[in-house]
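**Q** To be precise about what I am sending: the file is called start26.pdb and holds PDB, C-alpha atoms.
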```
ATOM      1  CA  MET A   1      54.432 118.378  -8.091
ATOM      2  CA  ASP A   2      52.451 118.138 -11.282
ATOM      3  CA  GLY A   3      49.440 115.941 -11.070
ATOM      4  CA  ASP A   4      50.247 114.093 -14.219
ATOM      5  CA  SER A   5      49.189 110.682 -13.091
ATOM      6  CA  SER A   6      49.994 108.926 -16.303
ATOM      7  CA  THR A   7      53.631 108.631 -15.498
ATOM      8  CA  THR A   8      55.510 107.514 -12.462
ATOM      9  CA  ASP A   9      58.865 108.219 -13.938
ATOM     10  CA  THR A  10      60.604 110.402 -11.433
ATOM     11  CA  SER A  11      63.043 111.867 -13.892
ATOM     12  CA  GLN A  12      60.143 113.282 -15.900
ATOM     13  CA  LEU A  13      58.407 114.651 -12.896
ATOM     14  CA  GLY A  14      61.589 116.024 -11.509
ATOM     15  CA  ILE A  15      61.074 114.574  -8.095
ATOM     16  CA  THR A  16      63.898 114.738  -5.666
ATOM     17  CA  GLY A  17      64.111 112.749  -2.466
ATOM     18  CA  GLU A  18      62.153 114.520   0.183
ATOM     19  CA  TYR A  19      60.763 113.659   3.482
ATOM     20  CA  MET A  20      57.026 113.207   3.223
ATOM     21  CA  ALA A  21      55.232 114.321   6.309
ATOM     22  CA  SER A  22      52.258 112.059   5.797
ATOM     23  CA  GLY A  23      54.048 108.784   6.254
ATOM     24  CA  GLN A  24      57.234 107.548   7.732
ATOM     25  CA  TYR A  25      58.946 107.370   4.400
ATOM     26  CA  VAL A  26      62.044 108.857   2.945
ATOM     27  CA  LEU A  27      62.284 108.903  -0.790
ATOM     28  CA  GLN A  28      65.275 107.220  -2.222
ATOM     29  CA  PRO A  29      66.839 107.940  -5.579
ATOM     30  CA  GLN A  30      65.620 105.564  -8.237
ATOM     31  CA  ASP A  31      68.840 103.742  -8.766
ATOM     32  CA  GLU A  32      68.915 102.704  -5.149
ATOM     33  CA  ASP A  33      72.401 103.910  -4.734
ATOM     34  CA  GLY A  34      72.628 104.518  -1.076
ATOM     35  CA  GLU A  35      75.883 106.405  -1.330
ATOM     36  CA  GLU A  36      74.948 109.372  -3.441
ATOM     37  CA  SER A  37      71.548 110.851  -3.259
ATOM     38  CA  MET A  38      70.109 113.721  -5.170
ATOM     39  CA  ASN A  39      69.297 115.756  -2.163
ATOM     40  CA  ASP A  40      70.849 116.093   1.212
ATOM     41  CA  HIS A  41      71.352 112.568   2.314
ATOM     42  CA  GLU A  42      72.102 113.633   5.823
ATOM     43  CA  GLU A  43      69.817 114.656   8.559
ATOM     44  CA  GLY A  44      68.832 118.089   7.271
ATOM     45  CA  GLY A  45      66.806 116.767   4.394
ATOM     46  CA  ALA A  46      65.390 113.713   6.023
ATOM     47  CA  LYS A  47      64.223 114.951   9.354
ATOM     48  CA  GLU A  48      61.800 117.649  10.265
ATOM     49  CA  ASN A  49      63.039 118.258  13.764
ATOM     50  CA  TYR A  50      66.466 119.466  14.762
ATOM     51  CA  ARG A  51      67.944 116.846  16.987
ATOM     52  CA  GLU A  52      70.048 117.803  19.914
ATOM     53  CA  GLN A  53      72.193 114.734  19.769
ATOM     54  CA  ASP A  54      74.316 115.541  16.791
ATOM     55  CA  ILE A  55      77.338 114.458  18.753
ATOM     56  CA  TYR A  56      78.504 111.110  17.492
ATOM     57  CA  LEU A  57      81.171 108.579  18.220
ATOM     58  CA  PRO A  58      83.887 108.440  15.571
ATOM     59  CA  ILE A  59      82.690 106.486  12.585
ATOM     60  CA  ALA A  60      85.949 104.561  12.280
ATOM     61  CA  ASN A  61      85.495 103.025  15.710
ATOM     62  CA  VAL A  62      81.859 102.230  15.076
ATOM     63  CA  ALA A  63      82.612 100.720  11.691
ATOM     64  CA  ARG A  64      85.342  98.562  13.140
ATOM     65  CA  ILE A  65      83.057  97.086  15.763
ATOM     66  CA  MET A  66      80.417  96.405  13.131
ATOM     67  CA  LYS A  67      82.905  94.741  10.870
ATOM     68  CA  ASN A  68      84.036  92.426  13.634
ATOM     69  CA  ALA A  69      80.455  91.526  14.459
ATOM     70  CA  VAL A  70      79.292  90.399  11.037
ATOM     71  CA  PRO A  71      80.694  87.346   9.254
ATOM     72  CA  GLN A  72      84.199  87.757   7.918
ATOM     73  CA  THR A  73      83.312  88.177   4.282
ATOM     74  CA  GLY A  74      80.343  90.453   4.882
ATOM     75  CA  LYS A  75      80.260  94.009   3.632
ATOM     76  CA  ILE A  76      78.723  97.061   5.183
ATOM     77  CA  ALA A  77      77.190  99.889   3.189
ATOM     78  CA  LYS A  78      78.408 103.378   3.913
ATOM     79  CA  ASP A  79      74.995 104.646   4.832
ATOM     80  CA  ALA A  80      74.587 101.733   7.194
ATOM     81  CA  LYS A  81      77.703 102.803   9.076
ATOM     82  CA  GLU A  82      76.527 106.380   9.334
ATOM     83  CA  CYS A  83      73.161 105.183  10.423
ATOM     84  CA  VAL A  84      74.544 103.016  13.218
ATOM     85  CA  GLN A  85      76.632 105.964  14.324
ATOM     86  CA  GLU A  86      73.426 107.904  14.878
ATOM     87  CA  CYS A  87      71.717 104.946  16.504
ATOM     88  CA  VAL A  88      74.560 104.749  18.970
ATOM     89  CA  SER A  89      74.087 108.314  20.124
ATOM     90  CA  GLU A  90      70.399 107.608  20.409
ATOM     91  CA  PHE A  91      71.108 104.531  22.494
ATOM     92  CA  ILE A  92      73.413 106.393  24.859
ATOM     93  CA  SER A  93      70.872 109.145  25.358
ATOM     94  CA  PHE A  94      68.126 106.607  25.818
ATOM     95  CA  ILE A  95      69.976 104.812  28.602
ATOM     96  CA  THR A  96      71.223 108.000  30.189
ATOM     97  CA  SER A  97      67.866 109.661  30.490
ATOM     98  CA  GLU A  98      66.346 106.566  32.050
ATOM     99  CA  ALA A  99      69.237 106.284  34.500
ATOM    100  CA  SER A 100      69.066 109.979  35.246
ATOM    101  CA  GLU A 101      65.394 109.747  36.043
ATOM    102  CA  ARG A 102      65.937 106.982  38.525
ATOM    103  CA  CYS A 103      68.776 108.930  40.047
ATOM    104  CA  HIS A 104      66.559 111.932  40.584
ATOM    105  CA  GLN A 105      63.805 109.834  42.046
ATOM    106  CA  GLU A 106      66.223 108.659  44.672
ATOM    107  CA  LYS A 107      67.363 112.222  45.290
ATOM    108  CA  ARG A 108      70.887 111.590  44.142
ATOM    109  CA  LYS A 109      72.949 113.815  41.901
ATOM    110  CA  THR A 110      75.488 111.433  40.463
ATOM    111  CA  ILE A 111      74.550 108.664  38.077
ATOM    112  CA  ASN A 112      76.257 105.504  39.198
ATOM    113  CA  GLY A 113      76.797 102.052  37.751
ATOM    114  CA  GLU A 114      73.661 100.630  39.299
ATOM    115  CA  ASP A 115      71.522 103.273  37.634
ATOM    116  CA  ILE A 116      72.927 102.363  34.261
ATOM    117  CA  LEU A 117      72.417  98.649  34.748
ATOM    118  CA  PHE A 118      68.924  99.201  35.986
ATOM    119  CA  ALA A 119      68.116 101.399  33.005
ATOM    120  CA  MET A 120      69.323  98.710  30.636
ATOM    121  CA  SER A 121      67.206  96.118  32.291
ATOM    122  CA  THR A 122      64.167  98.340  32.133
ATOM    123  CA  LEU A 123      64.642  99.258  28.506
ATOM    124  CA  GLY A 124      64.945  95.724  27.213
ATOM    125  CA  PHE A 125      68.701  95.346  27.207
ATOM    126  CA  ASP A 126      68.973  93.032  30.143
ATOM    127  CA  MET A 127      70.937  90.582  28.043
ATOM    128  CA  TYR A 128      73.821  93.037  28.390
ATOM    129  CA  VAL A 129      73.666  93.253  32.164
ATOM    130  CA  ASP A 130      75.541  90.082  33.071
ATOM    131  CA  PRO A 131      78.436  90.511  30.641
ATOM    132  CA  LEU A 132      78.693  94.123  31.742
ATOM    133  CA  LYS A 133      78.943  93.162  35.381
ATOM    134  CA  LEU A 134      81.860  90.921  34.520
ATOM    135  CA  TYR A 135      83.597  93.665  32.580
ATOM    136  CA  LEU A 136      83.055  96.059  35.434
ATOM    137  CA  GLN A 137      84.554  93.596  37.858
ATOM    138  CA  LYS A 138      87.656  93.244  35.708
ATOM    139  CA  PHE A 139      87.886  96.990  35.400
ATOM    140  CA  ARG A 140      87.621  97.471  39.137
ATOM    141  CA  GLU A 141      90.229  94.859  39.834
ATOM    142  CA  ALA A 142      92.595  96.562  37.516
ATOM    143  CA  MET A 143      91.923  99.822  39.313
ATOM    144  CA  LYS A 144      92.292  98.255  42.714
ATOM    145  CA  GLY A 145      95.697  97.067  41.762
ATOM    146  CA  GLU A 146      96.788 100.651  41.717
ATOM    147  CA  LYS A 147      95.544 101.354  45.177
ATOM    148  CA  GLY A 148      97.485  98.574  46.848
ATOM    149  CA  ILE A 149      96.086  96.161  49.360
ATOM    150  CA  ALA A 150      94.570  98.809  51.553
ATOM    151  CA  GLY A 151      91.323  97.917  49.903
ATOM    152  CA  VAL A 152      90.108 101.383  49.082
ATOM    153  CA  PRO A 153      86.704 101.025  47.429
ATOM    154  CA  VAL A 154      86.907 101.867  43.782
ATOM    155  CA  GLY A 155      84.300 103.871  42.029
ATOM    156  CA  GLU A 156      83.359 106.165  44.809
ATOM    157  CA  GLY A 157      84.267 109.737  44.159
ATOM    158  CA  LEU A 158      86.720 108.862  41.420
ATOM    159  CA  THR A 159      86.999 111.471  38.767
ATOM    160  CA  GLU A 160      88.038 110.731  35.256
ATOM    161  CA  GLU A 161      91.637 111.402  35.984
ATOM    162  CA  LEU A 162      92.935 108.352  37.693
ATOM    163  CA  THR A 163      95.531 109.284  40.233
ATOM    164  CA  ASP A 164      98.157 106.989  41.472
ATOM    165  CA  ASP A 165      98.085 107.213  45.134
ATOM    166  CA  PHE A 166     100.389 104.498  46.092
ATOM    167  CA  THR A 167     100.823 103.981  49.769
ATOM    168  CA  ASN A 168     104.203 102.543  50.269
ATOM    169  CA  PRO A 169     104.430 101.776  53.949
ATOM    170  CA  LEU A 170     102.787  98.595  55.031
ATOM    171  CA  PRO A 171      99.323  99.260  56.416
ATOM    172  CA  ALA A 172      99.294  98.245  60.041
ATOM    173  CA  GLY A 173      96.027  96.426  59.882
ATOM    174  CA  ILE A 174      97.296  93.535  57.869
ATOM    175  CA  ILE A 175      99.607  92.078  60.453
ATOM    176  CA  THR A 176      97.660  91.219  63.561
ATOM    177  CA  ALA A 177      98.861  91.690  67.106
ATOM    178  CA  ASP A 178     100.048  88.148  67.582
ATOM    179  CA  GLY A 179     102.345  88.503  64.608
ATOM    180  CA  GLN A 180     100.537  86.062  62.388
ATOM    181  CA  GLN A 181      99.890  86.977  58.851
ATOM    182  CA  GLN A 182      96.359  86.982  57.552
ATOM    183  CA  ASN A 183      95.691  85.313  54.254
ATOM    184  CA  VAL A 184      97.063  88.199  52.343
ATOM    185  CA  MET A 185      99.602  87.736  49.628
ATOM    186  CA  VAL A 186     102.602  89.701  50.573
ATOM    187  CA  TYR A 187     105.706  89.474  48.551
ATOM    188  CA  THR A 188     108.758  90.162  50.603
ATOM    189  CA  THR A 189     112.387  90.234  49.919
ATOM    190  CA  SER A 190     113.131  88.028  52.860
ATOM    191  CA  TYR A 191     110.400  85.582  53.489
ATOM    192  CA  GLN A 192     109.804  84.447  57.051
ATOM    193  CA  GLN A 193     107.253  82.056  58.415
ATOM    194  CA  VAL A 194     106.805  83.570  61.807
ATOM    195  CA  ILE A 195     107.198  87.179  62.512
ATOM    196  CA  PRO A 196     108.615  87.827  65.922
ATOM    197  CA  LYS A 197     107.291  90.989  67.422
ATOM    198  CA  THR A 198     110.632  92.356  68.335
ATOM    199  CA  GLN A 199     112.318  92.001  64.964
ATOM    200  CA  GLN A 200     112.525  94.886  62.567
ATOM    201  CA  LEU A 201     111.089  93.839  59.302
ATOM    202  CA  ASP A 202     111.768  95.064  55.896
ATOM    203  CA  PHE A 203     108.772  94.574  53.748
ATOM    204  CA  SER A 204     108.387  95.607  50.211
ATOM    205  CA  LEU A 205     104.873  95.356  48.999
ATOM    206  CA  THR A 206     104.126  94.544  45.448
ATOM    207  CA  ALA A 207     100.629  95.173  44.247
ATOM    208  CA  PHE A 208      99.212  92.250  42.340
TER
ATOM    209  CA  MET B   1      92.458 108.538  19.084
ATOM    210  CA  SER B   2      92.298 110.759  22.099
ATOM    211  CA  LYS B   3      93.825 109.674  25.317
ATOM    212  CA  ASN B   4      91.532 110.085  28.227
ATOM    213  CA  SER B   5      94.225 110.111  30.841
ATOM    214  CA  PRO B   6      97.979 109.877  30.679
ATOM    215  CA  GLU B   7      99.184 106.336  30.961
ATOM    216  CA  LYS B   8     100.718 106.630  34.367
ATOM    217  CA  ALA B   9      99.840 103.261  35.728
ATOM    218  CA  ASP B  10      99.786 100.048  33.792
ATOM    219  CA  PRO B  11      96.748  98.409  35.365
ATOM    220  CA  SER B  12      94.463 101.244  34.391
ATOM    221  CA  SER B  13      95.570 101.284  30.792
ATOM    222  CA  GLU B  14      95.165  97.529  30.698
ATOM    223  CA  ALA B  15      91.575  98.000  31.707
ATOM    224  CA  LYS B  16      91.130 100.770  29.192
ATOM    225  CA  LYS B  17      92.377  98.510  26.425
ATOM    226  CA  THR B  18      89.250  96.442  26.763
ATOM    227  CA  ILE B  19      87.339  99.420  25.385
ATOM    228  CA  SER B  20      87.512 100.462  21.762
ATOM    229  CA  LEU B  21      85.445 103.632  21.981
ATOM    230  CA  PRO B  22      86.500 107.032  23.286
ATOM    231  CA  ILE B  23      85.161 107.409  26.806
ATOM    232  CA  SER B  24      85.302 111.187  26.735
ATOM    233  CA  ARG B  25      83.022 111.303  23.719
ATOM    234  CA  VAL B  26      80.568 108.972  25.382
ATOM    235  CA  ARG B  27      80.591 111.268  28.368
ATOM    236  CA  LEU B  28      79.855 114.236  26.132
ATOM    237  CA  ILE B  29      76.824 112.524  24.682
ATOM    238  CA  MET B  30      75.579 111.546  28.112
ATOM    239  CA  LYS B  31      75.969 115.105  29.357
ATOM    240  CA  SER B  32      73.861 116.382  26.496
ATOM    241  CA  SER B  33      70.840 114.733  28.077
ATOM    242  CA  PRO B  34      68.768 117.132  30.122
ATOM    243  CA  ASP B  35      69.147 117.155  33.904
ATOM    244  CA  VAL B  36      72.340 115.166  33.980
ATOM    245  CA  SER B  37      74.688 116.666  36.511
ATOM    246  CA  SER B  38      77.444 114.171  37.107
ATOM    247  CA  ILE B  39      78.365 110.700  36.086
ATOM    248  CA  ASN B  40      80.546 108.404  38.066
ATOM    249  CA  GLN B  41      83.426 106.364  36.711
ATOM    250  CA  ASP B  42      81.573 103.052  36.779
ATOM    251  CA  ALA B  43      78.563 104.446  34.983
ATOM    252  CA  LEU B  44      80.769 105.867  32.276
ATOM    253  CA  PHE B  45      82.622 102.633  31.798
ATOM    254  CA  LEU B  46      79.440 100.594  31.732
ATOM    255  CA  THR B  47      77.807 102.859  29.194
ATOM    256  CA  THR B  48      80.833 102.749  26.928
ATOM    257  CA  LYS B  49      81.040  98.998  27.116
ATOM    258  CA  ALA B  50      77.302  98.640  26.616
ATOM    259  CA  THR B  51      77.552 100.770  23.524
ATOM    260  CA  GLU B  52      80.062  98.359  22.048
ATOM    261  CA  LEU B  53      77.723  95.478  22.765
ATOM    262  CA  PHE B  54      74.903  97.432  21.237
ATOM    263  CA  VAL B  55      76.763  98.047  17.986
ATOM    264  CA  GLN B  56      77.629  94.377  17.698
ATOM    265  CA  HIS B  57      74.099  93.367  18.525
ATOM    266  CA  LEU B  58      72.473  95.756  16.080
ATOM    267  CA  ALA B  59      74.881  94.993  13.264
ATOM    268  CA  LEU B  60      74.566  91.249  13.584
ATOM    269  CA  SER B  61      70.792  91.202  14.062
ATOM    270  CA  SER B  62      70.273  93.413  11.072
ATOM    271  CA  PHE B  63      72.645  91.400   8.961
ATOM    272  CA  ASN B  64      70.889  88.142   9.762
ATOM    273  CA  ASN B  65      67.411  89.545   9.715
ATOM    274  CA  GLY B  66      67.512  91.505   6.512
ATOM    275  CA  CYS B  67      68.498  90.743   2.956
ATOM    276  CA  GLY B  68      72.038  90.962   4.237
ATOM    277  CA  LYS B  69      72.390  87.252   4.464
ATOM    278  CA  GLU B  70      71.789  86.680   0.794
ATOM    279  CA  THR B  71      73.628  89.647  -0.515
ATOM    280  CA  ASN B  72      76.281  89.269   2.200
ATOM    281  CA  SER B  73      76.181  92.948   2.914
ATOM    282  CA  LEU B  74      74.536  95.116   5.501
ATOM    283  CA  SER B  75      72.461  97.967   4.178
ATOM    284  CA  TYR B  76      70.440 100.812   5.623
ATOM    285  CA  SER B  77      67.181  99.021   4.910
ATOM    286  CA  ASP B  78      68.290  96.008   6.927
ATOM    287  CA  LEU B  79      68.705  98.311   9.873
ATOM    288  CA  ALA B  80      65.375 100.010   9.349
ATOM    289  CA  LYS B  81      63.655  96.674   9.046
ATOM    290  CA  THR B  82      65.214  95.397  12.243
ATOM    291  CA  ALA B  83      64.220  98.530  14.130
ATOM    292  CA  GLU B  84      60.645  98.059  13.101
ATOM    293  CA  GLU B  85      60.406  94.356  13.755
ATOM    294  CA  SER B  86      62.425  93.995  16.913
ATOM    295  CA  GLU B  87      61.098  94.968  20.296
ATOM    296  CA  THR B  88      64.548  95.794  21.569
ATOM    297  CA  PHE B  89      65.447  98.121  18.731
ATOM    298  CA  HIS B  90      62.068  99.695  18.392
ATOM    299  CA  PHE B  91      63.227 102.955  19.962
ATOM    300  CA  LEU B  92      65.229 103.553  16.805
ATOM    301  CA  THR B  93      62.270 103.761  14.468
ATOM    302  CA  ASP B  94      62.109 107.522  14.666
ATOM    303  CA  ILE B  95      65.600 107.979  13.396
ATOM    304  CA  LEU B  96      65.458 105.116  10.946
ATOM    305  CA  PRO B  97      62.591 105.872   8.643
ATOM    306  CA  LYS B  98      62.135 103.233   6.010
ATOM    307  CA  LYS B  99      63.217 104.301   2.614
ATOM    308  CA  ILE B 100      61.135 103.516  -0.403
ATOM    309  CA  LEU B 101      61.777 104.165  -4.022
ATOM    310  CA  ALA B 102      60.234 107.305  -5.353
ATOM    311  CA  ARG B 103      58.380 105.372  -7.977
ATOM    312  CA  ASP B 104      56.755 103.121  -5.397
ATOM    313  CA  TYR B 105      55.683 106.082  -3.359
ATOM    314  CA  LEU B 106      54.151 107.772  -6.327
ATOM    315  CA  LYS B 107      52.321 104.607  -7.230
ATOM    316  CA  SER B 108      50.747 104.373  -3.803
ATOM    317  CA  LEU B 109      49.995 108.071  -3.910
ATOM    318  CA  GLU B 110      48.167 107.538  -7.172
ATOM    319  CA  GLN B 111      46.168 104.751  -5.654
ATOM    320  CA  MET B 112      45.198 106.951  -2.751
ATOM    321  CA  GLN B 113      44.127 109.682  -5.118
ATOM    322  CA  GLU B 114      42.059 107.261  -7.095
ATOM    323  CA  GLU B 115      40.378 106.064  -3.964
ATOM    324  CA  ASP B 116      39.613 109.626  -2.983
ATOM    325  CA  ALA B 117      38.167 110.312  -6.392
ATOM    326  CA  ASP B 118      35.890 107.327  -6.153
ATOM    327  CA  PHE B 119      34.176 108.246  -2.889
TER
END
```
Give the structure from the file, written as structure tokens.
**A**
Amino acid sequence: MDGDSSTTDTSQLGITGEYMASGQYVLQPQDEDGEESMNDHEEGGAKENYREQDIYLPIANVARIMKNAVPQTGKIAKDAKECVQECVSEFISFITSEASERCHQEKRKTINGEDILFAMSTLGFDMYVDPLKLYLQKFREAMKGEKGIAGVPVGEGLTEELTDDFTNPLPAGIITADGQQQNVMVYTTSYQQVIPKTQQLDFSLTAF
Amino acid sequence: MSKNSPEKADPSSEAKKTISLPISRVRLIMKSSPDVSSINQDALFLTTKATELFVQHLALSSFNNGCGKETNSLSYSDLAKTAEESETFHFLTDILPKKILARDYLKSLEQMQEEDADF
């Protein structure tokens, strides 16, 4: 850089956008066109350190969520979308490492839902916690529907592949010894008020 | 785009429809954190959902907070400004350096040099 202090015209000085180590600034091309910059607009030029989280969520999905969040007629700059994409990965890592820490402190190996919720609360996102609990409840109910009325707890030891382990025969525990039905919704082909012990019954369970 | 599991059972795909981000990708990002061994189903779901909320939250806050409201568009600088000013989004400041025009930077650089010269 020539020390010709009489001009600040970047085109004369031949300055390109570069990351300046002294301050937290990134030089922007003079015409403020966020789309095309003279140098590498992406991470390589702007950041000193190599960041491990260069895995991002697809920009189309991110952009769609953004678009739905801002007022109908609002526009979103391209570099804003890319930027949020990066922020998202940062957010996920942020939450995960906090949750992971707590998990380790409690000598557990698997990060569970509680760890995540706790991490969010700790990191200043506790406004998300209540809506998330509701979503989780809905999700679990939908899962439970698969398992039938046996009431298998969902979320314990489930891998990502959801299996459909339907148990077709009626679990014995639901009908008590005196033949009275508990308050369980059972849809049958032939509905009967009282179930005599001696009678053979033909139940077909429908999960609800 | 990518299916996480074959749509065998309707209830599970119903639940999955409430999410608009790919769970497997979220999982990948989570696994890239050090010392993460395994993640249970709930945690994965919650993180994915939370990420959606986060995007909405960040986009809207930045839009309202920055010049977005007047220009009716969301720009990078709105995001950077929000990261700096908001407690919640402060963790983003490292990856959202504020951009300034080259000419402004050079001006302030000049001023600094002048101050040095004066000593």
**Q** Report as a ChimeraX atom specification the residues that result from applying the PyMOL selection byres ((chain B and resi 79-83) around 9) to the structure here.
**A** /A:80,83-84 /B:58-59,61-63,65-66,74-78,84-93,95-99
**Q** Can you tell me, as a list in words, what residues are no more than 10 Å from A:Lys133 when counting all atoms listed in the file, ignoring any on the same chain fewer than 6 positions away?
**A**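 So the residues in contact are Gly113, Glu114, Leu117 and Phe139 of chain A; Leu46 of chain B.
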**Q** When the PyMOL selection byres ((chain A and resi 95) around 12) is applied to the structure above, which residues does it catch, written out as an MDAnalysis selection string?
**A** (chainID A and resid 88:94 96:102 111 113 115:126) or (chainID B and resid 26 29:31 33 36 43:44 46:48 50:51 54 91)
**Q** Take the residues just selected and output them with C-alpha atoms as a PDB file, keeping the file's coordinate frame.
**A**
```pdb
ATOM      1  CA  VAL A  88      74.560 104.749  18.970  1.00  0.00           C
ATOM      2  CA  SER A  89      74.087 108.314  20.124  1.00  0.00           C
ATOM      3  CA  GLU A  90      70.399 107.608  20.409  1.00  0.00           C
ATOM      4  CA  PHE A  91      71.108 104.531  22.494  1.00  0.00           C
ATOM      5  CA  ILE A  92      73.413 106.393  24.859  1.00  0.00           C
ATOM      6  CA  SER A  93      70.872 109.145  25.358  1.00  0.00           C
ATOM      7  CA  PHE A  94      68.126 106.607  25.818  1.00  0.00           C
ATOM      8  CA  THR A  96      71.223 108.000  30.189  1.00  0.00           C
ATOM      9  CA  SER A  97      67.866 109.661  30.490  1.00  0.00           C
ATOM     10  CA  GLU A  98      66.346 106.566  32.050  1.00  0.00           C
ATOM     11  CA  ALA A  99      69.237 106.284  34.500  1.00  0.00           C
ATOM     12  CA  SER A 100      69.066 109.979  35.246  1.00  0.00           C
ATOM     13  CA  GLU A 101      65.394 109.747  36.043  1.00  0.00           C
ATOM     14  CA  ARG A 102      65.937 106.982  38.525  1.00  0.00           C
ATOM     15  CA  ILE A 111      74.550 108.664  38.077  1.00  0.00           C
ATOM     16  CA  GLY A 113      76.797 102.052  37.751  1.00  0.00           C
ATOM     17  CA  ASP A 115      71.522 103.273  37.634  1.00  0.00           C
ATOM     18  CA  ILE A 116      72.927 102.363  34.261  1.00  0.00           C
ATOM     19  CA  LEU A 117      72.417  98.649  34.748  1.00  0.00           C
ATOM     20  CA  PHE A 118      68.924  99.201  35.986  1.00  0.00           C
ATOM     21  CA  ALA A 119      68.116 101.399  33.005  1.00  0.00           C
ATOM     22  CA  MET A 120      69.323  98.710  30.636  1.00  0.00           C
ATOM     23  CA  SER A 121      67.206  96.118  32.291  1.00  0.00           C
ATOM     24  CA  THR A 122      64.167  98.340  32.133  1.00  0.00           C
ATOM     25  CA  LEU A 123      64.642  99.258  28.506  1.00  0.00           C
ATOM     26  CA  GLY A 124      64.945  95.724  27.213  1.00  0.00           C
ATOM     27  CA  PHE A 125      68.701  95.346  27.207  1.00  0.00           C
ATOM     28  CA  ASP A 126      68.973  93.032  30.143  1.00  0.00           C
TER      29      ASP A 126
ATOM     30  CA  VAL B  26      80.568 108.972  25.382  1.00  0.00           C
ATOM     31  CA  ILE B  29      76.824 112.524  24.682  1.00  0.00           C
ATOM     32  CA  MET B  30      75.579 111.546  28.112  1.00  0.00           C
ATOM     33  CA  LYS B  31      75.969 115.105  29.357  1.00  0.00           C
ATOM     34  CA  SER B  33      70.840 114.733  28.077  1.00  0.00           C
ATOM     35  CA  VAL B  36      72.340 115.166  33.980  1.00  0.00           C
ATOM     36  CA  ALA B  43      78.563 104.446  34.983  1.00  0.00           C
ATOM     37  CA  LEU B  44      80.769 105.867  32.276  1.00  0.00           C
ATOM     38  CA  LEU B  46      79.440 100.594  31.732  1.00  0.00           C
ATOM     39  CA  THR B  47      77.807 102.859  29.194  1.00  0.00           C
ATOM     40  CA  THR B  48      80.833 102.749  26.928  1.00  0.00           C
ATOM     41  CA  ALA B  50      77.302  98.640  26.616  1.00  0.00           C
ATOM     42  CA  THR B  51      77.552 100.770  23.524  1.00  0.00           C
ATOM     43  CA  PHE B  54      74.903  97.432  21.237  1.00  0.00           C
ATOM     44  CA  PHE B  91      63.227 102.955  19.962  1.00  0.00           C
TER      45      PHE B  91
END
```
**Q** From the set B:Ser38, B:Gln113, B:Thr18, B:Ser24, which residue has the shortest atom-to-atom contact distance to chain A, counting all atoms listed in the file?
**A**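 Nearest candidate to chain A out of B:Ser38, B:Gln113, B:Thr18, B:Ser24: B:Ser38.
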**Q** May I ask for the distance between atom CA of A:Lys144 and atom CA of A:Leu132, given in Å to one decimal place?
**A** 18.0 Å
**Q** Please measure the separation of atom CA of A:Val62 and atom CA of B:Leu21, giving the value in Å to one decimal.
**A**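 Calculated distance between atom CA of A:Val62 and atom CA of B:Leu21 is 7.9 Å.
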**Q** In Å, with one decimal, what is the gap from atom CA of A:Gln85 to atom CA of A:Pro58?
**A**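 If I compute the distance from atom CA of A:Gln85 to atom CA of A:Pro58, I get 7.8 Å.
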**Q** For stretch 97-107 of chain A, which lacks atoms in the input, supply N, CA and C atoms and format the output as a compact mmCIF listing (two decimals), in the frame of the given file.
**A**
```txt
# COMPACT_ATOMS: atom_id res chain seq x y z
N SER A 97 69.02 108.95 29.93
CA SER A 97 67.87 109.66 30.49
C SER A 97 67.07 108.78 31.43
N GLU A 98 67.02 107.48 31.14
CA GLU A 98 66.35 106.57 32.05
C GLU A 98 67.09 106.48 33.38
N ALA A 99 68.41 106.38 33.29
CA ALA A 99 69.24 106.28 34.50
C ALA A 99 69.14 107.58 35.31
N SER A 100 69.13 108.68 34.60
CA SER A 100 69.07 109.98 35.25
C SER A 100 67.76 110.14 36.02
N GLU A 101 66.70 109.64 35.41
CA GLU A 101 65.39 109.75 36.04
C GLU A 101 65.38 109.01 37.37
N ARG A 102 65.92 107.80 37.31
CA ARG A 102 65.94 106.98 38.52
C ARG A 102 66.78 107.66 39.61
N CYS A 103 67.86 108.25 39.15
CA CYS A 103 68.78 108.93 40.05
C CYS A 103 68.05 110.07 40.77
N HIS A 104 67.30 110.81 40.00
CA HIS A 104 66.56 111.93 40.58
C HIS A 104 65.49 111.47 41.55
N GLN A 105 64.85 110.38 41.18
CA GLN A 105 63.80 109.83 42.05
C GLN A 105 64.37 109.48 43.41
N GLU A 106 65.61 109.02 43.40
CA GLU A 106 66.22 108.66 44.67
C GLU A 106 67.01 109.81 45.27
N LYS A 107 66.77 111.00 44.75
CA LYS A 107 67.36 112.22 45.29
C LYS A 107 68.89 112.20 45.27
```
